[in-house]
file protein23.pdb (PDB, C-alpha atoms)
ATOM      1  CA  MET A 542      14.566  25.510  -9.256
ATOM      2  CA  ASN A 543      16.223  22.904 -11.483
ATOM      3  CA  ALA A 544      14.147  19.744 -12.105
ATOM      4  CA  TRP A 545      16.926  17.538 -10.690
ATOM      5  CA  LEU A 546      16.893  19.507  -7.439
ATOM      6  CA  TRP A 547      13.168  18.874  -7.186
ATOM      7  CA  VAL A 548      13.893  15.152  -7.616
ATOM      8  CA  VAL A 549      16.202  15.375  -4.589
ATOM      9  CA  VAL A 550      13.520  17.284  -2.648
ATOM     10  CA  LEU A 551      10.984  14.591  -3.608
ATOM     11  CA  GLY A 552      13.240  11.828  -2.297
ATOM     12  CA  LEU A 553      13.969  13.629   0.985
ATOM     13  CA  ALA A 554      10.295  14.465   1.484
ATOM     14  CA  ALA A 555       9.263  10.833   0.907
ATOM     15  CA  TRP A 556      11.788   9.646   3.500
ATOM     16  CA  ALA A 557      10.632  12.324   5.982
ATOM     17  CA  ALA A 558       6.989  11.265   5.590
ATOM     18  CA  HIS A 559       7.819   7.600   6.114
ATOM     19  CA  TRP A 560      10.089   8.387   9.069
ATOM     20  CA  GLY A 561       7.134  10.199  10.585
ATOM     21  CA  ALA A 562       4.898   7.194   9.971
ATOM     22  CA  ASP A 563       7.432   4.914  11.696
ATOM     23  CA  GLN A 564       7.364   7.143  14.791
ATOM     24  CA  LEU A 565       3.565   7.161  14.838
ATOM     25  CA  LEU A 566       3.538   3.368  14.725
ATOM     26  CA  THR A 567       4.788   3.069  18.317
ATOM     27  CA  PRO A 568       1.536   3.896  20.159
ATOM     28  CA  LEU A 569      -0.516   1.806  17.721
ATOM     29  CA  LYS A 570       1.817  -1.206  18.134
ATOM     30  CA  MET A 571       1.320  -0.921  21.881
ATOM     31  CA  LEU A 572      -2.450  -0.796  21.432
ATOM     32  CA  ARG A 573      -2.256  -3.819  19.130
ATOM     33  CA  LYS A 574      -0.533  -5.827  21.900
ATOM     34  CA  GLN A 575      -2.894  -4.476  24.548
ATOM     35  CA  TRP A 576      -5.938  -5.470  22.487
ATOM     36  CA  GLY A 577      -4.491  -8.836  21.447
ATOM     37  CA  LEU A 578      -4.684  -8.441  17.671
ATOM     38  CA  THR A 579      -3.205 -11.165  15.426
ATOM     39  CA  ALA A 580      -0.672 -10.419  12.654
ATOM     40  CA  SER A 581      -3.324  -9.996   9.943
ATOM     41  CA  ALA A 582      -5.727  -7.970  12.104
ATOM     42  CA  GLY A 583      -2.800  -5.958  13.442
ATOM     43  CA  ALA A 584      -1.717  -5.133   9.885
ATOM     44  CA  ALA A 585      -5.168  -3.689   9.161
ATOM     45  CA  PHE A 586      -5.027  -1.645  12.368
ATOM     46  CA  LEU A 587      -1.441  -0.394  11.910
ATOM     47  CA  ALA A 588      -2.190   0.574   8.291
ATOM     48  CA  ILE A 589      -3.926   3.666   9.688
ATOM     49  CA  VAL A 590      -0.396   4.980  10.217
ATOM     50  CA  THR A 591       1.725   3.103   7.657
ATOM     51  CA  ALA A 592      -0.452   4.473   4.834
ATOM     52  CA  SER A 593      -0.598   7.969   6.358
ATOM     53  CA  PRO A 594       1.958   9.452   3.889
ATOM     54  CA  GLU A 595      -0.344   8.550   0.973
ATOM     55  CA  VAL A 596      -3.343  10.011   2.816
ATOM     56  CA  ALA A 597      -1.426  13.222   3.614
ATOM     57  CA  ILE A 598      -0.269  13.516  -0.018
ATOM     58  CA  ASN A 599      -3.853  13.296  -1.257
ATOM     59  CA  ILE A 600      -5.048  15.848   1.298
ATOM     60  CA  THR A 601      -2.266  18.200   0.144
ATOM     61  CA  SER A 602      -2.927  17.647  -3.564
ATOM     62  CA  ALA A 603      -6.653  18.284  -3.052
ATOM     63  CA  ALA A 604      -5.926  21.450  -1.051
ATOM     64  CA  ARG A 605      -3.481  22.754  -3.695
ATOM     65  CA  GLY A 606      -5.903  22.115  -6.569
ATOM     66  CA  VAL A 607      -3.811  19.343  -8.155
ATOM     67  CA  SER A 608      -6.076  16.378  -7.388
ATOM     68  CA  ASP A 609      -4.805  14.447 -10.424
ATOM     69  CA  ILE A 610      -1.451  14.014  -8.664
ATOM     70  CA  GLY A 611      -3.282  12.451  -5.727
ATOM     71  CA  LEU A 612      -5.382  10.263  -8.019
ATOM     72  CA  GLY A 613      -2.268   9.036  -9.829
ATOM     73  CA  ASN A 614      -0.562   8.401  -6.480
ATOM     74  CA  LEU A 615      -3.579   6.421  -5.246
ATOM     75  CA  LEU A 616      -3.581   4.137  -8.304
ATOM     76  CA  GLY A 617       0.164   3.899  -8.943
ATOM     77  CA  SER A 618       1.182   3.025  -5.387
ATOM     78  CA  ASN A 619      -1.502   0.303  -5.197
ATOM     79  CA  ILE A 620      -0.297  -1.354  -8.404
ATOM     80  CA  ILE A 621       3.434  -1.539  -7.709
ATOM     81  CA  SER A 622       3.248  -2.237  -3.977
ATOM     82  CA  ILE A 623       2.007  -5.855  -3.955
ATOM     83  CA  PRO A 624       4.474  -7.364  -6.484
ATOM     84  CA  LEU A 625       7.320  -5.309  -5.012
ATOM     85  CA  MET A 626       6.687  -6.187  -1.361
ATOM     86  CA  VAL A 627       5.909  -9.852  -2.046
ATOM     87  CA  THR A 628       9.207 -10.168  -3.956
ATOM     88  CA  ILE A 629      11.164  -8.409  -1.188
ATOM     89  CA  ALA A 630       9.494 -10.585   1.458
ATOM     90  CA  TYR A 631      10.350 -13.782  -0.456
ATOM     91  CA  PHE A 632      14.071 -12.988  -0.565
ATOM     92  CA  ALA A 633      14.112 -11.711   3.036
ATOM     93  CA  SER A 634      12.591 -14.999   4.230
ATOM     94  CA  ARG A 635      15.294 -17.174   2.599
ATOM     95  CA  ARG A 636      17.069 -17.736   5.916
ATOM     96  CA  LYS A 637      16.594 -19.841   9.041
ATOM     97  CA  PHE A 638      14.649 -18.369  11.938
ATOM     98  CA  LYS A 639      15.446 -19.264  15.549
ATOM     99  CA  ASN A 640      12.770 -21.279  17.355
ATOM    100  CA  ASN A 641      10.888 -21.897  14.102
ATOM    101  CA  LYS A 642      11.493 -25.436  12.874
ATOM    102  CA  GLU A 643       8.446 -25.270  10.602
ATOM    103  CA  HIS A 644      10.171 -22.566   8.541
ATOM    104  CA  GLN A 645      12.741 -25.088   7.290
ATOM    105  CA  LYS A 646       9.931 -26.818   5.384
ATOM    106  CA  HIS A 647       9.125 -23.529   3.728
ATOM    107  CA  LEU A 648      12.761 -23.035   2.736
ATOM    108  CA  ASP A 649      12.964 -26.562   1.299
ATOM    109  CA  ALA A 650       9.756 -25.942  -0.694
ATOM    110  CA  ASN A 651      10.972 -22.494  -1.897
ATOM    111  CA  LEU A 652       7.803 -21.067  -0.378
ATOM    112  CA  LEU A 653       6.954 -17.673   1.100
ATOM    113  CA  ALA A 654       4.628 -19.071   3.760
ATOM    114  CA  LEU A 655       1.763 -16.941   5.105
ATOM    115  CA  ASN A 656      -1.029 -17.413   7.576
ATOM    116  CA  LYS A 657      -4.125 -18.481   5.588
ATOM    117  CA  ARG A 658      -6.170 -16.001   7.628
ATOM    118  CA  SER A 659      -4.618 -13.141   5.609
ATOM    119  CA  VAL A 660      -6.920 -13.948   2.677
ATOM    120  CA  SER A 661     -10.230 -13.744   4.549
ATOM    121  CA  VAL A 662      -9.123 -10.875   6.807
ATOM    122  CA  LEU A 663      -7.306  -8.702   4.252
ATOM    123  CA  SER A 664      -7.162  -9.603   0.549
ATOM    124  CA  ILE A 665     -10.822 -10.507  -0.099
ATOM    125  CA  PRO A 666     -12.174  -7.422   1.758
ATOM    126  CA  TYR A 667      -9.645  -5.336  -0.198
ATOM    127  CA  LEU A 668     -11.014  -6.777  -3.457
ATOM    128  CA  VAL A 669     -14.513  -5.771  -2.331
ATOM    129  CA  ILE A 670     -13.223  -2.219  -1.728
ATOM    130  CA  ILE A 671     -11.781  -2.058  -5.266
ATOM    131  CA  GLY A 672     -15.076  -3.336  -6.679
ATOM    132  CA  LEU A 673     -16.895  -0.592  -4.772
ATOM    133  CA  VAL A 674     -14.530   2.055  -6.210
ATOM    134  CA  ALA A 675     -15.276   0.720  -9.706
ATOM    135  CA  ILE A 676     -19.045   0.914  -9.120
ATOM    136  CA  LEU A 677     -18.797   4.481  -7.824
ATOM    137  CA  THR A 678     -16.434   5.889 -10.469
ATOM    138  CA  LEU A 679     -16.756   3.984 -13.767
ATOM    139  CA  PRO A 680     -20.463   4.209 -14.832
ATOM    140  CA  LYS A 681     -21.024   7.171 -17.148
ATOM    141  CA  ALA A 682     -23.908   8.561 -15.079
ATOM    142  CA  TRP A 683     -21.704   9.266 -12.032
ATOM    143  CA  ARG A 684     -18.163   9.012 -13.429
ATOM    144  CA  GLY A 685     -15.473  10.658 -11.308
ATOM    145  CA  LEU A 686     -14.849  11.120  -7.589
ATOM    146  CA  GLN A 687     -17.663  12.993  -5.825
ATOM    147  CA  PRO A 688     -18.272  13.896  -2.144
ATOM    148  CA  ILE A 689     -20.884  11.164  -1.631
ATOM    149  CA  ASP A 690     -18.362   8.622  -2.969
ATOM    150  CA  GLY A 691     -15.840   9.770  -0.364
ATOM    151  CA  TRP A 692     -18.260   9.224   2.527
ATOM    152  CA  ILE A 693     -19.150   5.772   1.185
ATOM    153  CA  MET A 694     -15.443   4.821   0.993
ATOM    154  CA  LEU A 695     -14.844   6.039   4.560
ATOM    155  CA  ALA A 696     -17.684   3.774   5.679
ATOM    156  CA  ALA A 697     -16.087   0.942   3.670
ATOM    157  CA  TYR A 698     -12.808   1.404   5.554
ATOM    158  CA  ALA A 699     -14.623   1.392   8.900
ATOM    159  CA  ALA A 700     -16.233  -1.926   7.898
ATOM    160  CA  PHE A 701     -12.861  -3.293   6.700
ATOM    161  CA  LEU A 702     -11.150  -2.421   9.996
ATOM    162  CA  THR A 703     -14.022  -3.691  12.157
ATOM    163  CA  HIS A 704     -14.098  -6.995  10.259
ATOM    164  CA  ALA A 705     -10.319  -7.438  10.625
ATOM    165  CA  ILE A 706     -10.325  -6.727  14.372
ATOM    166  CA  ILE A 707     -13.315  -8.978  15.126
ATOM    167  CA  LYS A 708     -11.872 -11.838  13.063
ATOM    168  CA  GLY A 709      -8.375 -11.508  14.509
ATOM    169  CA  ARG A 710      -8.791 -10.857  18.228
ATOM    170  CA  GLU A 711      -6.889 -12.782  20.895
ATOM    171  CA  LYS A 712      -6.052 -12.260  24.562
ATOM    172  CA  GLY A 713      -4.361  -8.906  25.143
ATOM    173  CA  GLN A 714      -1.053  -8.193  26.885
ATOM    174  CA  LYS A 715      -0.035  -5.634  29.478
ATOM    175  CA  VAL A 716       2.052  -2.792  27.997
ATOM    176  CA  GLU A 717       3.967   0.148  29.477
ATOM    177  CA  TRP A 718       3.682   3.536  27.759
ATOM    178  CA  ASP A 719       6.919   5.434  27.075
ATOM    179  CA  LYS A 720       6.612   9.265  27.165
ATOM    180  CA  LYS A 721       9.680   9.751  24.959
ATOM    181  CA  LYS A 722       8.214   7.581  22.202
ATOM    182  CA  ILE A 723       4.899   9.393  22.457
ATOM    183  CA  TRP A 724       6.662  12.743  21.870
ATOM    184  CA  LEU A 725       8.484  11.174  18.926
ATOM    185  CA  SER A 726       5.056  10.248  17.587
ATOM    186  CA  VAL A 727       4.050  13.912  17.710
ATOM    187  CA  ALA A 728       7.219  14.796  15.782
ATOM    188  CA  GLY A 729       6.320  12.023  13.351
ATOM    189  CA  ALA A 730       2.930  13.585  12.639
ATOM    190  CA  LEU A 731       4.626  16.897  11.797
ATOM    191  CA  ALA A 732       7.145  15.121   9.539
ATOM    192  CA  ILE A 733       4.303  13.466   7.614
ATOM    193  CA  ALA A 734       2.573  16.818   7.035
ATOM    194  CA  VAL A 735       5.762  18.603   5.919
ATOM    195  CA  GLY A 736       6.899  15.646   3.813
ATOM    196  CA  ALA A 737       3.523  15.385   2.067
ATOM    197  CA  PHE A 738       3.563  19.087   1.183
ATOM    198  CA  PHE A 739       6.985  18.885  -0.430
ATOM    199  CA  ILE A 740       6.187  15.596  -2.209
ATOM    200  CA  VAL A 741       3.241  17.273  -3.937
ATOM    201  CA  LYS A 742       5.179  20.490  -4.565
ATOM    202  CA  ALA A 743       8.122  18.583  -6.054
ATOM    203  CA  THR A 744       5.830  16.475  -8.251
ATOM    204  CA  GLU A 745       4.110  19.639  -9.551
ATOM    205  CA  ASN A 746       7.454  21.092 -10.618
ATOM    206  CA  ILE A 747       8.807  17.839 -12.099
ATOM    207  CA  VAL A 748       5.705  17.216 -14.253
ATOM    208  CA  SER A 749       5.865  20.838 -15.389
ATOM    209  CA  ALA A 750       9.544  20.479 -16.363
ATOM    210  CA  LEU A 751       8.914  17.158 -18.162
ATOM    211  CA  ASN A 752       5.696  18.453 -19.765
ATOM    212  CA  ILE A 753       3.635  15.430 -18.687
ATOM    213  CA  SER A 754       0.161  15.301 -17.148
ATOM    214  CA  GLU A 755      -0.340  15.477 -13.385
ATOM    215  CA  ILE A 756      -1.998  12.048 -13.204
ATOM    216  CA  VAL A 757       0.954  10.410 -15.019
ATOM    217  CA  GLY A 758       3.286  12.190 -12.592
ATOM    218  CA  GLY A 759       1.238  10.806  -9.718
ATOM    219  CA  LEU A 760       1.316   7.293 -11.181
ATOM    220  CA  PHE A 761       5.021   6.993 -11.899
ATOM    221  CA  ILE A 762       6.708   9.631  -9.727
ATOM    222  CA  THR A 763       4.694  10.169  -6.546
ATOM    223  CA  GLY A 764       3.287   6.617  -6.404
ATOM    224  CA  ILE A 765       6.680   4.946  -6.780
ATOM    225  CA  MET A 766       8.505   7.336  -4.430
ATOM    226  CA  THR A 767       5.966   6.864  -1.641
ATOM    227  CA  THR A 768       6.217   3.071  -1.984
ATOM    228  CA  ALA A 769      10.037   2.834  -2.149
ATOM    229  CA  PRO A 770      10.748   3.397   1.593
ATOM    230  CA  GLU A 771       8.439   0.470   2.421
ATOM    231  CA  ILE A 772      11.028  -1.881   0.894
ATOM    232  CA  PHE A 773      13.314  -1.550   3.892
ATOM    233  CA  LYS A 774      10.505  -1.945   6.417
ATOM    234  CA  THR A 775       9.255  -5.121   4.713
ATOM    235  CA  TRP A 776      12.791  -6.525   4.492
ATOM    236  CA  SER A 777      13.449  -5.778   8.176
ATOM    237  CA  VAL A 778      10.163  -7.201   9.508
ATOM    238  CA  VAL A 779      10.319 -10.410   7.426
ATOM    239  CA  LYS A 780      14.025 -10.937   8.131
ATOM    240  CA  GLY A 781      13.181 -10.684  11.813
ATOM    241  CA  GLY A 782      10.892 -13.720  11.468
ATOM    242  CA  GLU A 783       7.468 -12.026  11.188
ATOM    243  CA  VAL A 784       6.780 -13.192   7.630
ATOM    244  CA  THR A 785       2.991 -12.821   7.608
ATOM    245  CA  ALA A 786       3.043  -9.394   9.279
ATOM    246  CA  GLY A 787       5.759  -8.100   6.948
ATOM    247  CA  THR A 788       4.120  -9.408   3.785
ATOM    248  CA  THR A 789       0.443  -8.740   4.432
ATOM    249  CA  SER A 790       0.869  -5.178   5.718
ATOM    250  CA  VAL A 791       0.948  -4.019   2.068
ATOM    251  CA  ILE A 792      -2.659  -5.228   1.565
ATOM    252  CA  ALA A 793      -3.825  -3.304   4.602
ATOM    253  CA  ASP A 794      -1.924  -0.185   3.463
ATOM    254  CA  ASN A 795      -3.554  -0.384   0.046
ATOM    255  CA  ALA A 796      -7.011  -0.713   1.597
ATOM    256  CA  VAL A 797      -6.421   2.529   3.524
ATOM    257  CA  THR A 798      -5.141   4.241   0.368
ATOM    258  CA  MET A 799      -8.239   3.244  -1.632
ATOM    259  CA  THR A 800     -10.634   4.422   1.099
ATOM    260  CA  VAL A 801      -9.245   7.069   3.457
ATOM    261  CA  ALA A 802      -6.886   8.584   0.838
ATOM    262  CA  PHE A 803      -9.796   8.487  -1.646
ATOM    263  CA  PHE A 804     -11.852  10.765   0.637
ATOM    264  CA  PRO A 805     -10.055  14.153   0.188
ATOM    265  CA  LEU A 806     -10.007  13.743  -3.604
ATOM    266  CA  ALA A 807     -13.730  12.978  -3.627
ATOM    267  CA  LEU A 808     -14.509  15.832  -1.249
ATOM    268  CA  VAL A 809     -13.207  18.418  -3.756
ATOM    269  CA  THR A 810     -14.839  16.519  -6.693
ATOM    270  CA  THR A 811     -12.106  15.067  -8.918
ATOM    271  CA  PRO A 812     -13.235  14.444 -12.517
ATOM    272  CA  ILE A 813     -11.762  11.624 -14.605
ATOM    273  CA  GLU A 814     -10.180  13.406 -17.563
ATOM    274  CA  ASP A 815      -8.678  10.321 -19.239
ATOM    275  CA  PHE A 816     -11.168   7.470 -18.815
ATOM    276  CA  GLN A 817      -9.038   4.830 -20.570
ATOM    277  CA  LEU A 818      -6.044   5.578 -18.355
ATOM    278  CA  PHE A 819      -8.235   5.395 -15.246
ATOM    279  CA  TRP A 820      -9.986   2.105 -15.977
ATOM    280  CA  VAL A 821      -6.803   0.356 -17.147
ATOM    281  CA  ASN A 822      -5.040   1.345 -13.938
ATOM    282  CA  LEU A 823      -8.010   0.391 -11.767
ATOM    283  CA  ALA A 824      -8.105  -3.010 -13.508
ATOM    284  CA  PHE A 825      -4.459  -3.654 -12.575
ATOM    285  CA  VAL A 826      -5.121  -2.394  -9.031
ATOM    286  CA  GLY A 827      -7.734  -5.172  -8.754
ATOM    287  CA  LEU A 828      -5.654  -7.823 -10.554
ATOM    288  CA  MET A 829      -2.845  -7.744  -7.959
ATOM    289  CA  PRO A 830      -4.931  -8.751  -4.886
ATOM    290  CA  LEU A 831      -6.888 -11.199  -7.065
ATOM    291  CA  LEU A 832      -3.624 -13.011  -7.875
ATOM    292  CA  TYR A 833      -2.700 -12.801  -4.195
ATOM    293  CA  SER A 834      -5.958 -14.479  -3.141
ATOM    294  CA  VAL A 835      -5.744 -17.205  -5.798
ATOM    295  CA  PHE A 836      -2.036 -17.991  -5.365
ATOM    296  CA  VAL A 837      -1.864 -18.074  -1.564
ATOM    297  CA  HIS A 838      -3.573 -21.481  -1.285
ATOM    298  CA  GLN A 839      -0.816 -24.021  -1.936
ATOM    299  CA  SER A 840      -2.342 -27.025  -0.189
ATOM    300  CA  LYS A 841      -4.340 -27.905   2.905
ATOM    301  CA  GLU A 842      -1.172 -27.679   5.008
ATOM    302  CA  LEU A 843       0.810 -24.882   3.350
ATOM    303  CA  HIS A 844      -0.286 -21.372   2.415
ATOM    304  CA  GLY A 845       1.822 -18.768   0.655
ATOM    305  CA  PHE A 846       3.638 -18.081  -2.614
ATOM    306  CA  SER A 847       6.034 -20.313  -4.539
ATOM    307  CA  ARG A 848       8.938 -18.980  -6.577
ATOM    308  CA  TRP A 849       7.107 -19.120  -9.919
ATOM    309  CA  GLN A 850       4.175 -17.209  -8.441
ATOM    310  CA  ILE A 851       6.533 -14.452  -7.299
ATOM    311  CA  PHE A 852       7.749 -14.308 -10.898
ATOM    312  CA  VAL A 853       4.139 -13.984 -12.134
ATOM    313  CA  PHE A 854       3.526 -11.012  -9.809
ATOM    314  CA  ASP A 855       6.590  -9.241 -11.259
ATOM    315  CA  ALA A 856       5.681 -10.220 -14.840
ATOM    316  CA  VAL A 857       2.185  -8.746 -14.432
ATOM    317  CA  TYR A 858       3.710  -5.428 -13.379
ATOM    318  CA  ILE A 859       5.931  -5.460 -16.482
ATOM    319  CA  VAL A 860       2.815  -6.154 -18.586
ATOM    320  CA  TYR A 861       1.192  -3.146 -16.904
ATOM    321  CA  LEU A 862       4.141  -0.910 -17.832
ATOM    322  CA  LEU A 863       4.081  -2.137 -21.451
ATOM    323  CA  THR A 864       0.309  -1.598 -21.626
ATOM    324  CA  MET A 865       0.710   1.962 -20.381
ATOM    325  CA  VAL A 866       3.624   2.793 -22.702
ATOM    326  CA  PHE A 867       2.295   1.266 -25.924
ATOM    327  CA  PHE A 868      -1.508   1.331 -25.649
ATOM    328  CA  VAL A 869      -2.586   3.999 -23.131
ATOM    329  CA  LEU A 870       0.053   6.725 -23.312
ATOM    330  CA  LYS A 871       1.145   5.627 -26.820
ATOM    331  CA  LEU A 872       4.705   6.854 -26.365
ATOM    332  CA  PHE A 873       5.885   4.702 -29.284
TER     333      PHE A 873
END
call {"tool": "encode", "arguments": {"input": "protein23.pdb", "output": "structure tokens"}}
result
Amino acid sequence: MNAWLWVVVLGLAAWAAHWGADQLLTPLKMLRKQWGLTASAGAAFLAIVTASPEVAINITSAARGVSDIGLGNLLGSNIISIPLMVTIAYFASRRKFKNNKEHQKHLDANLLALNKRSVSVLSIPYLVIIGLVAILTLPKAWRGLQPIDGWIMLAAYAAFLTHAIIKGREKGQKVEWDKKKIWLSVAGALAIAVGAFFIVKATENIVSALNISEIVGGLFITGIMTTAPEIFKTWSVVKGGEVTAGTTSVIADNAVTMTVAFFPLALVTTPIEDFQLFWVNLAFVGLMPLLYSVFVHQSKELHGFSRWQIFVFDAVYIVYLLTMVFFVLKLF
């Protein structure tokens, strides 16, 4: 099949996987209301589903013997997602929200305002997860992804989710379960599985046609394509007035990707073939939430990101691309 046709297949498969994730969200959203989880804690809980395409892709890539595609997807999606979603959320929030007079202050200050709880509940625990990945994969004695590492990262996600729920629990609400939406959730699970298979299959064929390595294909093809559909979800949620939920969900998604999606790659033992490429990418994976945690504290009253900080997020991603092109891949 022509490489361009595989690009089309890749795009359709990515949309199918994310459509499936949207359908699976319904029962979890109802549980979130029933259990009384706050926006930040709810983001950590809902990430089980919103990050499911990335998890399914890594399961598929491990099963097909192309773990480097999954590894590239794991790193690439976690680098681009934070600057991209924070930028989208900033522009989506540049409007007045009904019954939210406080938001006018944020508009006047050119601020993407967030609940300060998002740092302690999401970004700092996510930084701990990245540090744990570095400890498990970078030292020469145990370099690479091994089965024991996968079990440790699953335990790390369990701790991350437990911490988020305990720290962000409020009084629950009564909810009514809709059978139609539950059946749609089942269809969503099938769409994720089928979409993940064709995402990996398409990436295999594209990297073969372009004569590039599987991990580079995962970084810049699979990772970007799996993140792109999230743009519209972030825009929609933030535009609807849920700024913290729409913005912080990306941190929770990334935490799932670095733990649960790490597991299948570790289970089949994924070696690190290009150590420089791996550690440079892991460094930028960690830099994004570090900037998030540092920037979010504006003052005692206001928490969030100003316009120049949004620019810094985007500039750091450009620096990452230049570093990869000129120093790691040495294309020029």
call {"tool": "residues_around", "arguments": {"input": "protein23.pdb", "residues": "Ala730 of chain A", "least_positions_apart": "4", "cutoff": "7 Å", "atoms": "all atoms listed in the file", "output": "CSV table (one decimal) with C-alpha atoms, in the coordinates of the input"}}
result
chain,number,residue,atom,x,y,z
A,561,GLY,CA,7.1,10.2,10.6
A,565,LEU,CA,3.6,7.2,14.8
A,726,SER,CA,5.1,10.2,17.6
A,734,ALA,CA,2.6,16.8,7.0
call {"tool": "atom_distance", "arguments": {"input": "protein23.pdb", "atom1": "atom CA of Ala585 of chain A", "atom2": "atom CA of Ala793 of chain A"}}
result
4.8 Å
call {"tool": "closest_residue", "arguments": {"input": "protein23.pdb", "among": "A:Val797, A:Ala650, A:Ala544, A:Leu625", "to": "Met694 of chain A", "atoms": "only C-alpha atoms"}}
result
A:Val797
call {"tool": "closest_atom_pairs", "arguments": {"input": "protein23.pdb", "of": "segment 774-861 of chain A", "to": "segment 664-676 of chain A", "cutoff": "9 Å", "atoms": "all atoms listed in the file", "output": "CSV"}}
result
residue,atom,partner,partner_atom,distance
A:Thr789,CA,A:Ser664,CA,8.6
A:Ile792,CA,A:Ser664,CA,6.4
A:Ala793,CA,A:Tyr667,CA,7.8
A:Asn795,CA,A:Tyr667,CA,7.9
A:Ala796,CA,A:Tyr667,CA,5.6
A:Met799,CA,A:Ile671,CA,7.3
A:Thr800,CA,A:Ile670,CA,7.7
A:Trp820,CA,A:Ala675,CA,8.3
A:Leu823,CA,A:Ala675,CA,7.6
A:Ala824,CA,A:Ala675,CA,8.9
A:Val826,CA,A:Ile671,CA,7.7
A:Gly827,CA,A:Ile671,CA,6.2
A:Leu828,CA,A:Leu668,CA,9.0
A:Pro830,CA,A:Ser664,CA,5.9
A:Leu831,CA,A:Leu668,CA,7.0
A:Tyr833,CA,A:Ser664,CA,7.3
A:Ser834,CA,A:Ser664,CA,6.2
call {"tool": "closest_residue", "arguments": {"input": "protein23.pdb", "among": "A:Gly845, A:Pro594, A:Gly782, A:Gly691", "to": "Thr810 of chain A", "atoms": "all atoms listed in the file"}}
result
A:Gly691
call {"tool": "closest_residue", "arguments": {"input": "protein23.pdb", "among": "A:Val860, A:Leu653, A:Ile740, A:Leu551", "to": "Ile610 of chain A", "atoms": "only C-alpha atoms"}}
result
A:Ile740
call {"tool": "atom_distance", "arguments": {"input": "protein23.pdb", "atom1": "atom CA of Leu587 of chain A", "atom2": "atom CA of Asp794 of chain A"}}
result
8.5 Å
call {"tool": "resolve_selection", "arguments": {"input": "protein23.pdb", "expression": "the PyMOL selection byres ((chain A and resi 746-759) around 7)", "output": "list in words"}}
result
Ala544, Trp547, Asp609, Ile610, Gly611, Leu612, Gly613, Asn614, Lys742, Ala743, Thr744, Glu745, Leu760, Phe761, Ile762, Thr763 and Gly764 of chain A
call {"tool": "resolve_selection", "arguments": {"input": "protein23.pdb", "expression": "the PyMOL selection byres ((chain A and resi 657) around 8)", "output": "tab-separated table (two decimals) with C-alpha atoms, keeping the file's coordinate frame"}}
result
chain	number	residue	atom	x	y	z
A	655	LEU	CA	1.76	-16.94	5.11
A	656	ASN	CA	-1.03	-17.41	7.58
A	658	ARG	CA	-6.17	-16.00	7.63
A	659	SER	CA	-4.62	-13.14	5.61
A	660	VAL	CA	-6.92	-13.95	2.68
A	661	SER	CA	-10.23	-13.74	4.55
A	837	VAL	CA	-1.86	-18.07	-1.56
A	838	HIS	CA	-3.57	-21.48	-1.28
A	844	HIS	CA	-0.29	-21.37	2.42
A	845	GLY	CA	1.82	-18.77	0.66
call {"tool": "resolve_selection", "arguments": {"input": "protein23.pdb", "expression": "the PyMOL selection byres ((chain A and resi 733) around 8)", "output": "list in words"}}
result
Ala557, Ala558, His559, Trp560, Gly561, Ala562, Ser593, Pro594, Ala597, Gly729, Ala730, Leu731, Ala732, Ala734, Val735, Gly736 and Ala737 of chain A
call {"tool": "atom_distance", "arguments": {"input": "protein23.pdb", "atom1": "atom CA of Glu814 of chain A", "atom2": "atom CA of Ala603 of chain A"}}
result
15.7 Å
